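**Q** My questions all concern the structure below.
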Amino acid sequence: MVIIMLGAPGSGKGTLAQKIQNNFMLPHISTGDILREEINSNSNLGKKFKEIIKTGNLISDDLVFEIVKKRISKKDCMNGYILDGYPRNIKQAIMLEAMAKVDVVINIEVSDKTILERLPNRMYCEKCNKIYNKLLYKKPICECGGKLIVRQDDKLEVIKQRLEVYRKETQPLLEFYKDKLIKVNGQTSPDVIYNFVEKELKKRE
Ligand code: AP5
Ligand code: MG
């Protein structure tokens with residue numbers, strides 16, 4: 001099964017995808033995580049990504065396409081995968097159609113107020129990418145032993161720009177994928193959200 005996660009920045013795409021990955025044994029492919037790993041490696045390409053991501057704008061469609069193409073051609077993707085953060089606009093969705101058949105699109109709905117409360121408190125593990133929130137988890141270290149870090153683009157001004165880019169570029173995908181959509185209320189707890197999505201996915205297996 002090929003699943004796409006849609007939703008505004010901070011809606012909980014990564015949090016939900018990590019739960020689906022563990023329970024459905026499907027690899028979680030987050031383009032944001034891949035780009036941040038490239039940044040952390042200090043490569044020249046990573047330096048270019050860093051300059052763009054810190055403004056809240058998107059990396060070029062062609063570059064991200066190459067990254068996704070390479071990742072989904074790996075053996076662990078043979079039975080499906082979860083795409084989180086890709087596609088991000090109609091052009092990317094059309095490019096994806098040429099290499100994959102999308103089965104389900106999950107859209108997480110949350111208010112801007114919730115996003116602005118959640119994102120400044122997010123942390124993630126630099127080793128395994130697990131997502132945390134400072135309000136709920138007080139330790140500086142992940143369960144895996146990795147260090148928890150704050151994202152460069154989780155500053156208020158950048159979050160506002162990311163929301164604008166989301167509305168202009170990504171929201172039109174809801175119409176594009178309207179026949180495959182599972183709509184999720186993202187304002188409840190991660191476990192309630194996961195249980196709802198699990199039932200919906202099982203109907204489609
Ligand atoms: P990306 O990393 O994809 O960021 P994003 O889309 O802005 O989404 P986030 O990762 O911020 O939020 P999320 O929905 O995953 O929420 P999370 O689960 O972490 O992209 C970053 C940048 O990379 C882009 O701006 C762009 O520059 C570039 N990029 C990436 N893909 C690209 C592409 N395809 N093309 C071009 N450029 C691309 O949760 C957030 C917080 O809320 C956490 O603290 C979490 O603990 C908490 N939380 C989650 N769910 C709940 C809940 N139900 N209740 C309470 N708290 C919750
Ligand atoms: Mg994410």
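Note on naming: chains are A, B, ... as they come in the structure tokens, residues start from 1 per chain, ligands start from 1 in the order shown.
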Please provide as a list of chain:residue names all residues within 12 Å of Asn40 in chain A, with the sequence filter that same-chain residues fewer than 3 positions apart are discarded (counting only C-alpha atoms).
**A**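 That gives A:Asp33, A:Ile34, A:Leu35, A:Arg36, A:Glu37, A:Ser43, A:Asn44, A:Leu45, A:Gly46, A:Lys47, A:Lys48, A:Phe49, A:Lys50, A:Glu126, A:Lys127, A:Ile149, A:Arg151, A:Gln152.
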**Q** Got time to write the residues from that selection, N, CA, C and O atoms, as a tab-separated table (two decimals), in the first residue's frame?
**A**
chain	number	residue	atom	x	y	z
A	33	ASP	N	12.81	14.93	6.62
A	33	ASP	CA	13.88	14.23	7.36
A	33	ASP	C	15.10	14.00	6.46
A	33	ASP	O	16.24	14.19	6.90
A	34	ILE	N	14.86	13.59	5.22
A	34	ILE	CA	15.98	13.30	4.31
A	34	ILE	C	16.77	14.60	4.05
A	34	ILE	O	18.01	14.60	4.08
A	35	LEU	N	16.05	15.70	3.84
A	35	LEU	CA	16.72	16.99	3.59
A	35	LEU	C	17.52	17.43	4.83
A	35	LEU	O	18.65	17.90	4.72
A	36	ARG	N	16.94	17.24	6.02
A	36	ARG	CA	17.65	17.64	7.25
A	36	ARG	C	18.87	16.75	7.48
A	36	ARG	O	19.90	17.22	7.97
A	37	GLU	N	18.79	15.46	7.12
A	37	GLU	CA	19.96	14.59	7.27
A	37	GLU	C	21.09	15.07	6.35
A	37	GLU	O	22.26	15.06	6.72
A	43	SER	N	27.26	18.64	3.76
A	43	SER	CA	27.64	18.59	2.33
A	43	SER	C	27.29	19.92	1.67
A	43	SER	O	26.54	20.72	2.23
A	44	ASN	N	27.82	20.14	0.45
A	44	ASN	CA	27.50	21.37	-0.27
A	44	ASN	C	26.01	21.44	-0.58
A	44	ASN	O	25.40	22.50	-0.49
A	45	LEU	N	25.44	20.28	-0.95
A	45	LEU	CA	24.01	20.22	-1.24
A	45	LEU	C	23.21	20.57	0.03
A	45	LEU	O	22.24	21.35	-0.01
A	46	GLY	N	23.66	20.03	1.16
A	46	GLY	CA	23.03	20.31	2.45
A	46	GLY	C	23.04	21.80	2.76
A	46	GLY	O	22.06	22.34	3.30
A	47	LYS	N	24.13	22.47	2.42
A	47	LYS	CA	24.21	23.92	2.68
A	47	LYS	C	23.16	24.67	1.86
A	47	LYS	O	22.54	25.61	2.34
A	48	LYS	N	22.94	24.21	0.63
A	48	LYS	CA	21.92	24.84	-0.22
A	48	LYS	C	20.52	24.60	0.37
A	48	LYS	O	19.70	25.51	0.43
A	49	PHE	N	20.27	23.36	0.81
A	49	PHE	CA	18.96	23.04	1.42
A	49	PHE	C	18.73	23.93	2.64
A	49	PHE	O	17.63	24.44	2.85
A	50	LYS	N	19.77	24.08	3.45
A	50	LYS	CA	19.64	24.85	4.70
A	50	LYS	C	19.17	26.28	4.42
A	50	LYS	O	18.26	26.79	5.10
A	126	GLU	N	18.04	13.50	16.66
A	126	GLU	CA	18.95	13.62	15.50
A	126	GLU	C	19.42	12.25	15.01
A	126	GLU	O	19.97	12.14	13.93
A	127	LYS	N	19.19	11.20	15.83
A	127	LYS	CA	19.65	9.87	15.44
A	127	LYS	C	18.53	9.09	14.72
A	127	LYS	O	18.74	8.55	13.65
A	149	ILE	N	16.82	17.65	19.31
A	149	ILE	CA	17.13	19.00	18.83
A	149	ILE	C	15.88	19.72	18.32
A	149	ILE	O	14.87	19.10	18.02
A	151	ARG	N	14.11	22.27	15.51
A	151	ARG	CA	14.28	22.56	14.07
A	151	ARG	C	14.49	24.04	13.81
A	151	ARG	O	13.84	24.88	14.41
A	152	GLN	N	15.38	24.33	12.88
A	152	GLN	CA	15.70	25.72	12.49
A	152	GLN	C	14.48	26.45	11.94
A	152	GLN	O	14.40	27.68	12.02
**Q** What do you get as an mmCIF file with all heavy atoms, in the first residue's frame if you pick all residues at most 7 Å from ligand 2, counting only C-alpha atoms and all ligand atoms?
**A**
data_model
loop_
_atom_site.group_PDB
_atom_site.id
_atom_site.type_symbol
_atom_site.label_atom_id
_atom_site.label_comp_id
_atom_site.auth_asym_id
_atom_site.auth_seq_id
_atom_site.Cartn_x
_atom_site.Cartn_y
_atom_site.Cartn_z
ATOM 1 N N GLY A 10 3.080 20.969 11.151
ATOM 2 C CA GLY A 10 2.697 20.787 12.557
ATOM 3 C C GLY A 10 1.359 20.100 12.759
ATOM 4 O O GLY A 10 0.893 19.951 13.890
ATOM 5 N N GLY A 12 0.786 17.022 12.421
ATOM 6 C CA GLY A 12 1.009 15.704 13.022
ATOM 7 C C GLY A 12 1.271 14.600 12.003
ATOM 8 O O GLY A 12 1.123 13.421 12.317
ATOM 9 N N LYS A 13 1.716 14.972 10.812
ATOM 10 C CA LYS A 13 1.986 13.976 9.748
ATOM 11 C C LYS A 13 3.064 12.985 10.194
ATOM 12 O O LYS A 13 2.911 11.783 10.062
ATOM 13 C CB LYS A 13 2.456 14.671 8.458
ATOM 14 C CG LYS A 13 1.473 15.666 7.880
ATOM 15 C CD LYS A 13 1.977 16.267 6.573
ATOM 16 C CE LYS A 13 3.181 17.178 6.724
ATOM 17 N NZ LYS A 13 2.953 18.404 7.512
ATOM 18 N N GLY A 14 4.161 13.527 10.690
ATOM 19 C CA GLY A 14 5.282 12.674 11.100
ATOM 20 C C GLY A 14 4.900 11.784 12.275
ATOM 21 O O GLY A 14 5.198 10.585 12.281
ATOM 22 N N SER A 30 10.046 10.549 4.923
ATOM 23 C CA SER A 30 9.771 11.975 5.116
ATOM 24 C C SER A 30 10.815 12.764 4.330
ATOM 25 O O SER A 30 12.019 12.664 4.624
ATOM 26 C CB SER A 30 9.850 12.314 6.610
ATOM 27 O OG SER A 30 10.134 13.682 6.786
ATOM 28 N N GLY A 32 11.283 15.869 4.412
ATOM 29 C CA GLY A 32 11.884 16.822 5.352
ATOM 30 C C GLY A 32 13.037 16.175 6.121
ATOM 31 O O GLY A 32 14.112 16.756 6.255
ATOM 32 N N ASP A 84 5.635 11.205 3.422
ATOM 33 C CA ASP A 84 5.280 12.293 4.345
ATOM 34 C C ASP A 84 6.011 13.555 3.879
ATOM 35 O O ASP A 84 7.228 13.617 3.915
ATOM 36 C CB ASP A 84 5.704 11.851 5.757
ATOM 37 C CG ASP A 84 5.769 12.978 6.772
ATOM 38 O OD1 ASP A 84 5.348 14.107 6.465
ATOM 39 O OD2 ASP A 84 6.235 12.700 7.891
ATOM 40 N N GLY A 85 5.231 14.535 3.399
ATOM 41 C CA GLY A 85 5.856 15.774 2.904
ATOM 42 C C GLY A 85 6.083 15.746 1.410
ATOM 43 O O GLY A 85 6.660 16.668 0.845
#
**Q** Show me, as a VMD selection string, the residues that have an atom within 9 Å of Leu96 in chain A when counting only C-alpha atoms, minus same-chain residues fewer than 3 positions from it.
**A** chain A and resid 65 68 to 69 86 to 87 91 to 93 99 to 102
**Q** Pick out the residues sitting within 9 Å of Arg88 in chain A, and hand them over as a list in words; count only C-alpha atoms, and ignore anything fewer than 6 positions along from it in its own chain.
**A** Leu6, Leu58, Asp61, Tyr166, Glu169, Thr170, Gln171 and Leu173 of chain A
**Q** Taking into account only C-alpha atoms, which residue in the set A:Met5, A:Ile141, A:Ala98, A:Val150 is nearest to Leu119 in chain A?
**A**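 Under the stated criterion, the closest residue is A:Val150.
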**Q** Just how far from CA of Pro120 in chain A is CA of Ile4 in chain A, in Å to one decimal?
**A** 25.0 Å
**Q** Let me make sure I understand: among A:Lys54, A:Arg122, A:Lys160, A:Arg71, which one has the smallest atom-to-atom distance to ligand 1 if we use only C-alpha atoms and all ligand atoms?
**A**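 Of all the options, A:Arg122 lies closest to ligand 1.
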**Q** I want to know what sits within 10 Å of range 191-194 of chain A, based on only C-alpha atoms, with residues of the same chain fewer than 5 positions away left out; could you give that as a list of chain:residue names?
**A**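 Contacts, in chain order: A:Gly12, A:Thr15, A:Leu16, A:Ala17, A:Lys19, A:Ile20, A:Ile108, A:Val184, A:Asn185, A:Gly186, A:Lys199, A:Glu200.
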**Q** Would you output that residue set with N, CA and C atoms, as a JSON list (two decimals), in the first residue's frame?
**A**
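result35.json, freshly written:
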[["chain", "number", "residue", "atom", "x", "y", "z"],
["A", 12, "GLY", "N", 0.79, 17.02, 12.42],
["A", 12, "GLY", "CA", 1.01, 15.70, 13.02],
["A", 12, "GLY", "C", 1.27, 14.60, 12.00],
["A", 15, "THR", "N", 4.21, 12.36, 13.25],
["A", 15, "THR", "CA", 3.79, 11.60, 14.45],
["A", 15, "THR", "C", 2.92, 10.42, 14.04],
["A", 16, "LEU", "N", 1.94, 10.66, 13.17],
["A", 16, "LEU", "CA", 1.03, 9.60, 12.73],
["A", 16, "LEU", "C", 1.77, 8.59, 11.84],
["A", 17, "ALA", "N", 2.61, 9.09, 10.94],
["A", 17, "ALA", "CA", 3.32, 8.19, 10.02],
["A", 17, "ALA", "C", 4.24, 7.24, 10.79],
["A", 19, "LYS", "N", 3.68, 5.99, 13.70],
["A", 19, "LYS", "CA", 2.82, 4.93, 14.27],
["A", 19, "LYS", "C", 2.39, 3.95, 13.19],
["A", 20, "ILE", "N", 2.03, 4.46, 12.01],
["A", 20, "ILE", "CA", 1.60, 3.57, 10.91],
["A", 20, "ILE", "C", 2.78, 2.67, 10.51],
["A", 108, "ILE", "N", -4.68, 15.42, 7.54],
["A", 108, "ILE", "CA", -4.89, 15.75, 8.96],
["A", 108, "ILE", "C", -5.30, 17.21, 9.07],
["A", 184, "VAL", "N", -8.99, 13.35, 8.61],
["A", 184, "VAL", "CA", -8.75, 13.04, 10.01],
["A", 184, "VAL", "C", -8.80, 14.31, 10.84],
["A", 185, "ASN", "N", -9.52, 14.25, 11.97],
["A", 185, "ASN", "CA", -9.52, 15.37, 12.91],
["A", 185, "ASN", "C", -8.23, 15.31, 13.73],
["A", 186, "GLY", "N", -7.31, 16.23, 13.45],
["A", 186, "GLY", "CA", -6.00, 16.20, 14.11],
["A", 186, "GLY", "C", -5.95, 16.87, 15.46],
["A", 199, "LYS", "N", -8.32, 1.75, 11.44],
["A", 199, "LYS", "CA", -9.58, 1.15, 10.96],
["A", 199, "LYS", "C", -9.81, 1.47, 9.49],
["A", 200, "GLU", "N", -9.59, 2.73, 9.14],
["A", 200, "GLU", "CA", -9.81, 3.16, 7.74],
["A", 200, "GLU", "C", -8.84, 2.44, 6.80]]
**Q** For Val158 in chain A, find every residue with an atom within 9 Å (counting only C-alpha atoms), except residues of its own chain fewer than 4 positions away, and show them as a list in words.
**A**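 Once the nearby chain positions are removed, what remains is Ile53, Lys54, Thr55, Gly56, Asn57, Gln152, Asp153, Asp154, Arg162 and Leu163 of chain A.
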